[in-house]
file query-v9.txt (compact mmCIF, C-alpha atoms)
# COMPACT_ATOMS: atom_id res chain seq x y z
CA MET A 1 21.65 40.21 0.44
CA ASN A 2 22.49 36.62 -0.46
CA THR A 3 23.34 35.90 3.18
CA VAL A 4 19.94 37.20 4.29
CA ASN A 5 18.17 35.09 1.67
CA ASN A 6 20.15 32.00 2.62
CA THR A 7 19.36 32.52 6.28
CA ALA A 8 15.68 32.88 5.51
CA ALA A 9 15.77 29.74 3.40
CA ASN A 10 17.50 27.79 6.16
CA GLU A 11 14.96 28.98 8.72
CA ALA A 12 12.13 27.97 6.40
CA ALA A 13 13.69 24.56 5.94
CA SER A 14 14.06 24.21 9.70
CA ASP A 15 10.42 25.15 10.24
CA SER A 16 9.29 22.59 7.65
CA ALA A 17 11.01 19.83 9.61
CA HIS A 18 8.37 20.28 12.32
CA HIS A 19 5.45 19.54 10.01
CA THR A 20 3.78 16.22 10.66
CA HIS A 21 3.63 13.35 8.23
CA ASP A 22 -0.06 14.01 7.56
CA ASP A 23 0.51 17.74 7.07
CA ILE A 24 3.08 17.09 4.37
CA ALA A 25 1.09 14.31 2.72
CA SER A 26 -1.99 16.51 2.49
CA ARG A 27 -0.25 19.15 0.38
CA ASN A 28 -0.72 17.31 -2.91
CA GLY A 29 -1.34 13.89 -4.39
CA THR A 30 2.29 13.18 -5.22
CA LEU A 31 3.43 13.75 -1.66
CA ASP A 32 0.54 11.66 -0.38
CA VAL A 33 1.60 8.72 -2.57
CA LEU A 34 5.27 8.99 -1.64
CA LEU A 35 4.80 9.47 2.09
CA ASN A 36 2.26 6.68 2.38
CA ARG A 37 4.03 4.00 0.33
CA ARG A 38 4.16 0.61 1.96
CA SER A 39 5.09 -2.84 0.73
CA ILE A 40 2.12 -4.91 -0.43
CA ARG A 41 2.62 -8.66 -0.51
CA ALA A 42 -0.98 -9.84 -0.92
CA PHE A 43 -3.04 -9.11 -4.02
CA THR A 44 -6.64 -9.59 -5.09
CA ASP A 45 -7.53 -11.64 -8.16
CA GLU A 46 -8.49 -8.49 -10.05
CA PRO A 47 -6.26 -8.08 -13.11
CA VAL A 48 -4.43 -4.85 -13.75
CA SER A 49 -5.95 -3.08 -16.73
CA ALA A 50 -4.01 -2.65 -19.95
CA GLN A 51 -4.48 1.10 -19.55
CA ASP A 52 -2.78 1.03 -16.14
CA VAL A 53 0.06 -1.14 -17.43
CA ASP A 54 0.60 1.29 -20.27
CA ALA A 55 0.69 4.22 -17.84
CA ILE A 56 3.14 2.74 -15.34
CA GLU A 57 5.52 1.52 -18.04
CA ALA A 58 5.47 4.99 -19.63
CA ALA A 59 6.27 6.49 -16.22
CA ALA A 60 9.25 4.17 -15.84
CA GLN A 61 10.59 5.31 -19.20
CA ARG A 62 10.46 8.96 -18.13
CA ALA A 63 12.80 8.39 -15.19
CA ALA A 64 16.22 10.02 -15.26
CA THR A 65 18.90 8.11 -17.16
CA SER A 66 22.62 8.80 -16.91
CA GLN A 67 24.06 10.44 -20.03
CA PHE A 68 20.95 9.33 -21.94
CA TYR A 69 22.36 5.82 -22.27
CA ASN A 70 18.97 4.32 -21.31
CA ALA A 71 20.99 1.46 -19.87
CA TRP A 72 18.17 -0.54 -18.33
CA SER A 73 15.46 -2.92 -19.43
CA ALA A 74 12.59 -4.66 -17.66
CA ILE A 75 11.35 -8.17 -18.26
CA ARG A 76 7.62 -8.76 -17.81
CA ILE A 77 6.97 -12.17 -16.32
CA THR A 78 3.73 -13.46 -17.81
CA ASP A 79 4.48 -17.20 -17.81
CA GLU A 80 2.96 -18.78 -14.69
CA ASP A 81 5.57 -21.53 -14.47
CA LEU A 82 8.35 -18.96 -14.64
CA LYS A 83 6.63 -16.95 -11.90
CA LYS A 84 6.70 -20.01 -9.66
CA LYS A 85 10.39 -20.57 -10.39
CA LEU A 86 11.15 -16.96 -9.51
CA ALA A 87 9.12 -17.33 -6.31
CA ASP A 88 11.33 -20.30 -5.46
CA VAL A 89 14.45 -18.21 -6.08
CA ALA A 90 13.06 -15.47 -3.84
CA ARG A 91 11.85 -18.03 -1.28
CA GLN A 92 8.64 -15.98 -1.14
CA PRO A 93 5.53 -17.82 -2.43
CA TYR A 94 3.52 -14.62 -2.83
CA VAL A 95 5.76 -13.63 -5.75
CA ALA A 96 3.95 -16.23 -7.88
CA THR A 97 0.57 -14.63 -7.08
CA ALA A 98 1.42 -11.12 -8.29
CA PRO A 99 -0.77 -10.06 -11.24
CA LEU A 100 2.19 -8.06 -12.58
CA LEU A 101 5.79 -9.11 -12.10
CA TYR A 102 8.83 -7.37 -13.55
CA VAL A 103 12.55 -7.93 -13.26
CA PHE A 104 14.59 -4.81 -13.91
CA ILE A 105 18.03 -5.33 -15.36
CA ALA A 106 21.11 -3.21 -15.92
CA ASP A 107 21.44 -3.37 -19.68
CA GLN A 108 24.60 -2.42 -21.55
CA HIS A 109 24.10 -5.31 -23.99
CA ARG A 110 21.87 -3.18 -26.21
CA ASN A 111 24.42 -0.35 -26.27
CA TYR A 112 27.19 -2.83 -27.07
CA ARG A 113 25.23 -4.08 -30.07
CA ILE A 114 24.51 -0.53 -31.27
CA ALA A 115 28.18 0.45 -31.00
CA GLU A 116 29.31 -2.67 -32.87
CA ALA A 117 26.69 -2.11 -35.58
CA LYS A 118 28.06 1.40 -35.98
CA GLY A 119 31.49 -0.02 -36.62
CA VAL A 120 33.11 0.52 -33.22
CA ALA A 121 35.75 -2.12 -32.53
CA GLU A 122 34.77 -4.41 -29.66
CA SER A 123 38.16 -3.84 -28.03
CA ASP A 124 37.43 -0.09 -27.85
CA ILE A 125 33.98 -0.35 -26.23
CA THR A 126 33.94 0.63 -22.55
CA TYR A 127 30.33 -0.24 -21.73
CA GLY A 128 31.55 -3.42 -20.04
CA THR A 129 33.37 -1.65 -17.19
CA SER A 130 32.28 -1.79 -13.57
CA PHE A 131 31.52 1.94 -13.64
CA MET A 132 29.14 1.53 -16.55
CA LEU A 133 27.46 -1.36 -14.74
CA SER A 134 27.01 0.94 -11.74
CA GLN A 135 25.46 3.63 -13.95
CA ALA A 136 23.13 1.08 -15.52
CA GLN A 137 22.08 -0.19 -12.09
CA ASN A 138 21.27 3.39 -11.09
CA ASP A 139 19.15 3.78 -14.22
CA ALA A 140 17.26 0.58 -13.45
CA VAL A 141 16.54 1.57 -9.84
CA LEU A 142 15.28 5.02 -10.88
CA ALA A 143 12.98 3.49 -13.49
CA LEU A 144 11.64 0.91 -11.05
CA HIS A 145 10.91 3.55 -8.43
CA ALA A 146 9.07 5.68 -10.97
CA MET A 147 6.98 2.67 -11.98
CA GLU A 148 6.18 1.78 -8.37
CA THR A 149 5.14 5.35 -7.57
CA ALA A 150 2.98 5.57 -10.69
CA ALA A 151 1.33 2.26 -9.80
CA GLU A 152 0.52 3.44 -6.28
CA SER A 153 -0.94 6.67 -7.65
CA LEU A 154 -3.40 4.49 -9.59
CA GLY A 155 -4.47 2.60 -6.48
CA LEU A 156 -2.21 -0.39 -7.04
CA GLY A 157 0.23 -1.76 -4.50
CA GLY A 158 3.57 -3.43 -4.83
CA VAL A 159 6.73 -4.73 -3.29
CA ILE A 160 10.32 -4.39 -4.47
CA LEU A 161 12.06 -7.76 -4.66
CA GLY A 162 15.71 -7.79 -3.74
CA SER A 163 15.11 -11.42 -2.83
CA LEU A 164 15.38 -12.41 -6.48
CA LEU A 165 19.14 -12.01 -6.05
CA ASN A 166 19.19 -14.99 -3.69
CA ASP A 167 20.48 -17.06 -6.61
CA ILE A 168 21.91 -14.78 -9.28
CA ASP A 169 23.15 -17.58 -11.52
CA GLU A 170 19.71 -19.21 -11.53
CA LEU A 171 18.02 -15.88 -12.19
CA ILE A 172 20.35 -15.17 -15.12
CA ASP A 173 19.64 -18.61 -16.54
CA LEU A 174 15.87 -18.37 -16.10
CA LEU A 175 15.71 -15.00 -17.85
CA HIS A 176 18.29 -15.89 -20.52
CA LEU A 177 20.24 -12.73 -19.72
CA PRO A 178 22.99 -12.12 -22.27
CA GLU A 179 26.46 -10.74 -21.66
CA HIS A 180 26.59 -7.15 -20.41
CA THR A 181 23.26 -7.38 -18.60
CA PHE A 182 22.74 -7.89 -14.88
CA PRO A 183 19.63 -8.36 -12.70
CA VAL A 184 18.98 -5.50 -10.29
CA LEU A 185 15.57 -5.80 -8.60
CA GLY A 186 12.14 -7.26 -9.10
CA LEU A 187 8.79 -5.50 -8.72
CA ALA A 188 5.51 -7.24 -7.94
CA LEU A 189 2.33 -5.21 -8.49
CA GLY A 190 -1.41 -5.68 -8.20
CA HIS A 191 -4.55 -4.54 -6.43
CA PRO A 192 -3.84 -4.65 -2.69
CA ALA A 193 -5.48 -7.29 -0.54
CA GLN A 194 -3.95 -5.82 2.62
CA HIS A 195 -3.30 -2.44 4.17
CA PRO A 196 -0.29 -2.80 6.48
CA GLN A 197 0.75 -0.18 8.97
CA LEU A 198 3.34 2.30 7.77
CA LYS A 199 6.82 1.17 8.74
CA PRO A 200 8.65 3.82 10.76
CA ARG A 201 11.57 5.81 9.43
CA MET A 202 14.41 7.23 11.48
CA PRO A 203 14.43 10.92 12.45
CA ARG A 204 15.36 13.07 9.49
CA GLU A 205 18.33 14.67 11.22
CA LEU A 206 20.00 11.26 11.34
CA GLN A 207 19.95 10.96 7.54
CA PHE A 208 20.13 14.54 6.24
CA PHE A 209 23.29 16.56 6.93
CA ASP A 210 24.38 20.05 5.94
CA ASN A 211 27.43 20.30 3.68
CA ALA A 212 29.43 17.40 5.14
CA TYR A 213 29.06 14.06 6.87
CA PRO A 214 29.24 14.66 10.65
CA ALA A 215 32.40 13.58 12.43
CA ASP A 216 32.03 10.68 14.84
CA ASP A 217 33.30 12.78 17.74
CA GLU A 218 30.31 15.09 17.29
CA THR A 219 28.06 12.22 18.36
CA PRO A 220 30.21 10.02 20.61
CA ASP A 221 27.19 8.06 21.87
CA VAL A 222 25.66 6.84 18.64
CA LEU A 223 23.17 4.58 20.44
CA ALA A 224 21.73 7.51 22.39
CA GLN A 225 20.70 9.08 19.07
CA PHE A 226 18.56 6.07 18.29
CA LYS A 227 16.95 5.49 21.69
CA ASP A 228 13.53 6.85 20.73
CA PHE A 229 13.65 5.27 17.27
CA ASP A 230 14.50 1.89 18.79
CA ALA A 231 11.39 2.15 20.92
CA THR A 232 9.27 3.15 17.92
CA VAL A 233 10.53 0.24 15.81
CA HIS A 234 9.97 -2.24 18.65
CA GLU A 235 6.41 -0.96 19.11
CA TYR A 236 5.75 -1.23 15.35
CA TYR A 237 6.70 -4.89 15.26
CA ASP A 238 4.91 -5.61 18.53
CA LEU A 239 1.67 -4.15 17.19
CA ARG A 240 2.06 -6.11 13.97
CA ASP A 241 2.49 -9.44 15.75
CA ALA A 242 3.03 -9.52 19.49
CA SER A 243 3.72 -13.26 19.34
CA LYS A 244 6.88 -12.61 17.30
CA PRO A 245 8.87 -9.97 19.17
CA VAL A 246 11.43 -8.12 17.07
CA ALA A 247 14.33 -6.11 18.45
CA GLY A 248 14.73 -2.38 17.99
CA PHE A 249 16.59 -0.86 15.07
CA THR A 250 20.08 -0.79 16.56
CA ASP A 251 19.78 -4.40 17.76
CA GLN A 252 18.75 -5.45 14.25
CA ILE A 253 21.77 -3.64 12.78
CA ALA A 254 24.11 -5.30 15.28
CA GLN A 255 22.65 -8.74 14.60
CA GLY A 256 22.95 -8.25 10.84
CA ALA A 257 26.59 -7.17 11.09
CA THR A 258 27.81 -10.77 11.35
CA SER A 259 25.40 -12.33 8.85
CA ASP A 260 27.13 -14.45 6.24
CA ALA A 261 24.38 -13.74 3.69
CA PRO A 262 26.30 -10.85 2.06
CA LEU A 263 29.31 -13.13 1.66
CA LYS A 264 27.18 -15.68 -0.16
CA LYS A 265 25.67 -12.98 -2.39
CA ALA A 266 28.91 -11.25 -3.40
CA LEU A 267 28.33 -9.85 -6.87
CA HIS A 268 31.79 -9.54 -8.35
CA SER A 269 32.15 -13.06 -9.71
CA HIS A 270 28.71 -12.82 -11.28
CA GLU A 271 29.54 -9.42 -12.78
CA VAL A 272 32.68 -10.83 -14.41
CA LYS A 273 30.69 -13.78 -15.75
CA GLN A 274 28.27 -11.32 -17.36
CA GLY A 275 31.11 -9.44 -19.03
CA PHE A 276 31.64 -6.52 -16.65
CA ALA A 277 35.26 -6.02 -15.63
CA ASP A 278 37.84 -3.24 -15.62

call {"tool": "encode", "arguments": {"input": "query-v9.txt", "output": "structure tokens"}}
result
Amino acid sequence: MNTVNNTAANEAASDSAHHTHDDIASRNGTLDVLLNRRSIRAFTDEPVSAQDVDAIEAAAQRAATSQFYNAWSAIRITDEDLKKKLADVARQPYVATAPLLYVFIADQHRNYRIAEAKGVAESDITYGTSFMLSQAQNDAVLALHAMETAAESLGLGGVILGSLLNDIDELIDLLHLPEHTFPVLGLALGHPAQHPQLKPRMPRELQFFDNAYPADDETPDVLAQFKDFDATVHEYYDLRDASKPVAGFTDQIAQGATSDAPLKKALHSHEVKQGFAD
């Protein structure tokens, strides 16, 4: 009986894979928001209402948190000079124009203080390990995503800012981040002043696998898998700006493979400086 039910469930899942983007998005408002999210980098001058700010911050707080440690915090950036400095760090001027700007941080500092106040010896506290930093980073990302989704459901738009990590030391200094905290991502929000085309995503079967990661010998020609997606990505960029041709997906991945940017942004030394080490 279980086998029959599992087979039926698998067939239903297979059938659902054939539904179009619009079919899925039309099922309910949540799916519509999630399937139609896009990065917004231009905002109107209209301020975000206090009611909307209250709602999106509440949504962030309802995100899942590992072991109920609540090991994240978010810093609202309301000072215009600080916004400009963060835009310089990101090397993206539009960051300074965002009506709402947050920096989400992995935060074990608060838990350290609580433990010490409860009489736990500092030498016994394990919140400063790399694993606990990883858990806190996960918490921060989940909260940020919940906030972004809530904002979009209210008609706002936003962009996630990994670019704030261009200069981690400067970011830590600007935000006065104490030991056992670490910057994760920024989030700029406001009323959209643009409506960009949806950026394509690769075929689902190339990212969702049953029970195990597929062996390389099952797909010996990895580039053949991406032939159609390469064409789709190239067309997307061509339609966006034909004067600035952009390569297909696999060419972008190959070009990025030798970038020295990840070497310049290695996190470990910064993590140790912030008090995270095994």

call {"tool": "atom_distance", "arguments": {"input": "query-v9.txt", "atom1": "atom CA of Ala60 of chain A", "atom2": "atom CA of Val103 of chain A"}}
result
12.8 Å

call {"tool": "atom_distance", "arguments": {"input": "query-v9.txt", "atom1": "atom CA of Leu174 of chain A", "atom2": "atom CA of Ala106 of chain A"}}
result
16.0 Å

call {"tool": "closest_residue", "arguments": {"input": "query-v9.txt", "among": "A:Val246, A:Leu171, A:Leu82, A:Ile40", "to": "His234 of chain A", "atoms": "all atoms listed in the file"}}
result
A:Val246

call {"tool": "closest_residue", "arguments": {"input": "query-v9.txt", "among": "A:Thr219, A:Asn211, A:Ser39, A:Gln92", "to": "Ser163 of chain A", "atoms": "only C-alpha atoms"}}
result
A:Gln92

call {"tool": "residues_around", "arguments": {"input": "query-v9.txt", "residues": "Gln225 of chain A", "least_positions_apart": "5", "cutoff": "12 Å", "atoms": "all atoms listed in the file", "output": "JSON, numbers by chain"}}
result
{"A": [202, 203, 204, 205, 206, 207, 218, 219, 220, 230, 231, 249, 250]}

call {"tool": "write_last_selection", "arguments": {"input": "query-v9.txt", "atoms": "C-alpha atoms", "output": "short mmCIF file (atom, residue, chain, number, x, y, z; two decimals), in the coordinates of the input"}}
result
data_model
loop_
_atom_site.label_atom_id
_atom_site.label_comp_id
_atom_site.auth_asym_id
_atom_site.auth_seq_id
_atom_site.Cartn_x
_atom_site.Cartn_y
_atom_site.Cartn_z
CA MET A 202 14.41 7.23 11.48
CA PRO A 203 14.43 10.92 12.45
CA ARG A 204 15.36 13.07 9.49
CA GLU A 205 18.33 14.67 11.22
CA LEU A 206 20.00 11.26 11.34
CA GLN A 207 19.95 10.96 7.54
CA GLU A 218 30.31 15.09 17.29
CA THR A 219 28.06 12.22 18.36
CA PRO A 220 30.21 10.02 20.61
CA ASP A 230 14.50 1.89 18.79
CA ALA A 231 11.39 2.15 20.92
CA PHE A 249 16.59 -0.86 15.07
CA THR A 250 20.08 -0.79 16.56
#

call {"tool": "closest_residue", "arguments": {"input": "query-v9.txt", "among": "A:Gln67, A:Ile125, A:Leu133, A:Tyr236", "to": "Arg113 of chain A", "atoms": "only C-alpha atoms"}}
result
A:Ile125

call {"tool": "residues_around", "arguments": {"input": "query-v9.txt", "residues": "segment 136-150 of chain A", "least_positions_apart": "4", "cutoff": "6 Å", "atoms": "only C-alpha atoms", "output": "PyMOL selection string"}}
result
chain A and resi 56+59-60+63+65+71-72+106

call {"tool": "build_atoms", "arguments": {"input": "query-v9.txt", "residues": "segment 125-143 of chain A", "atoms": "N, CA and C atoms", "output": "mmCIF file, in the frame of the given file"}}
result
data_model
loop_
_atom_site.group_PDB
_atom_site.id
_atom_site.type_symbol
_atom_site.label_atom_id
_atom_site.label_comp_id
_atom_site.auth_asym_id
_atom_site.auth_seq_id
_atom_site.Cartn_x
_atom_site.Cartn_y
_atom_site.Cartn_z
ATOM 1 N N ILE A 125 35.235 -0.648 -26.936
ATOM 2 C CA ILE A 125 33.980 -0.350 -26.230
ATOM 3 C C ILE A 125 34.191 -0.441 -24.721
ATOM 4 N N THR A 126 33.744 0.578 -24.002
ATOM 5 C CA THR A 126 33.940 0.630 -22.550
ATOM 6 C C THR A 126 32.645 0.421 -21.763
ATOM 7 N N TYR A 127 31.594 -0.006 -22.437
ATOM 8 C CA TYR A 127 30.330 -0.240 -21.730
ATOM 9 C C TYR A 127 30.410 -1.422 -20.775
ATOM 10 N N GLY A 128 31.427 -2.241 -20.888
ATOM 11 C CA GLY A 128 31.550 -3.420 -20.040
ATOM 12 C C GLY A 128 32.370 -3.200 -18.786
ATOM 13 N N THR A 129 32.602 -1.943 -18.410
ATOM 14 C CA THR A 129 33.370 -1.650 -17.190
ATOM 15 C C THR A 129 32.453 -1.654 -15.974
ATOM 16 N N SER A 130 33.069 -1.785 -14.803
ATOM 17 C CA SER A 130 32.280 -1.790 -13.570
ATOM 18 C C SER A 130 31.556 -0.463 -13.366
ATOM 19 N N PHE A 131 32.178 0.634 -13.783
ATOM 20 C CA PHE A 131 31.520 1.940 -13.640
ATOM 21 C C PHE A 131 30.248 2.000 -14.476
ATOM 22 N N MET A 132 30.321 1.486 -15.699
ATOM 23 C CA MET A 132 29.140 1.530 -16.550
ATOM 24 C C MET A 132 28.055 0.577 -16.044
ATOM 25 N N LEU A 133 28.450 -0.507 -15.399
ATOM 26 C CA LEU A 133 27.460 -1.360 -14.740
ATOM 27 C C LEU A 133 26.780 -0.581 -13.614
ATOM 28 N N SER A 134 27.572 0.146 -12.834
ATOM 29 C CA SER A 134 27.010 0.940 -11.740
ATOM 30 C C SER A 134 26.019 1.974 -12.275
ATOM 31 N N GLN A 135 26.359 2.641 -13.360
ATOM 32 C CA GLN A 135 25.460 3.630 -13.950
ATOM 33 C C GLN A 135 24.171 2.961 -14.435
ATOM 34 N N ALA A 136 24.313 1.789 -15.043
ATOM 35 C CA ALA A 136 23.130 1.080 -15.520
ATOM 36 C C ALA A 136 22.250 0.623 -14.374
ATOM 37 N N GLN A 137 22.854 0.191 -13.274
ATOM 38 C CA GLN A 137 22.080 -0.190 -12.090
ATOM 39 C C GLN A 137 21.307 1.015 -11.555
ATOM 40 N N ASN A 138 21.960 2.176 -11.533
ATOM 41 C CA ASN A 138 21.270 3.390 -11.090
ATOM 42 C C ASN A 138 20.063 3.678 -11.982
ATOM 43 N N ASP A 139 20.255 3.560 -13.289
ATOM 44 C CA ASP A 139 19.150 3.780 -14.220
ATOM 45 C C ASP A 139 17.984 2.840 -13.922
ATOM 46 N N ALA A 140 18.306 1.573 -13.686
ATOM 47 C CA ALA A 140 17.260 0.580 -13.450
ATOM 48 C C ALA A 140 16.486 0.881 -12.166
ATOM 49 N N VAL A 141 17.192 1.268 -11.110
ATOM 50 C CA VAL A 141 16.540 1.570 -9.840
ATOM 51 C C VAL A 141 15.627 2.797 -9.982
ATOM 52 N N LEU A 142 16.097 3.823 -10.685
ATOM 53 C CA LEU A 142 15.280 5.020 -10.880
ATOM 54 C C LEU A 142 14.009 4.689 -11.670
ATOM 55 N N ALA A 143 14.150 3.863 -12.695
ATOM 56 C CA ALA A 143 12.980 3.490 -13.490
ATOM 57 C C ALA A 143 11.995 2.668 -12.670
#
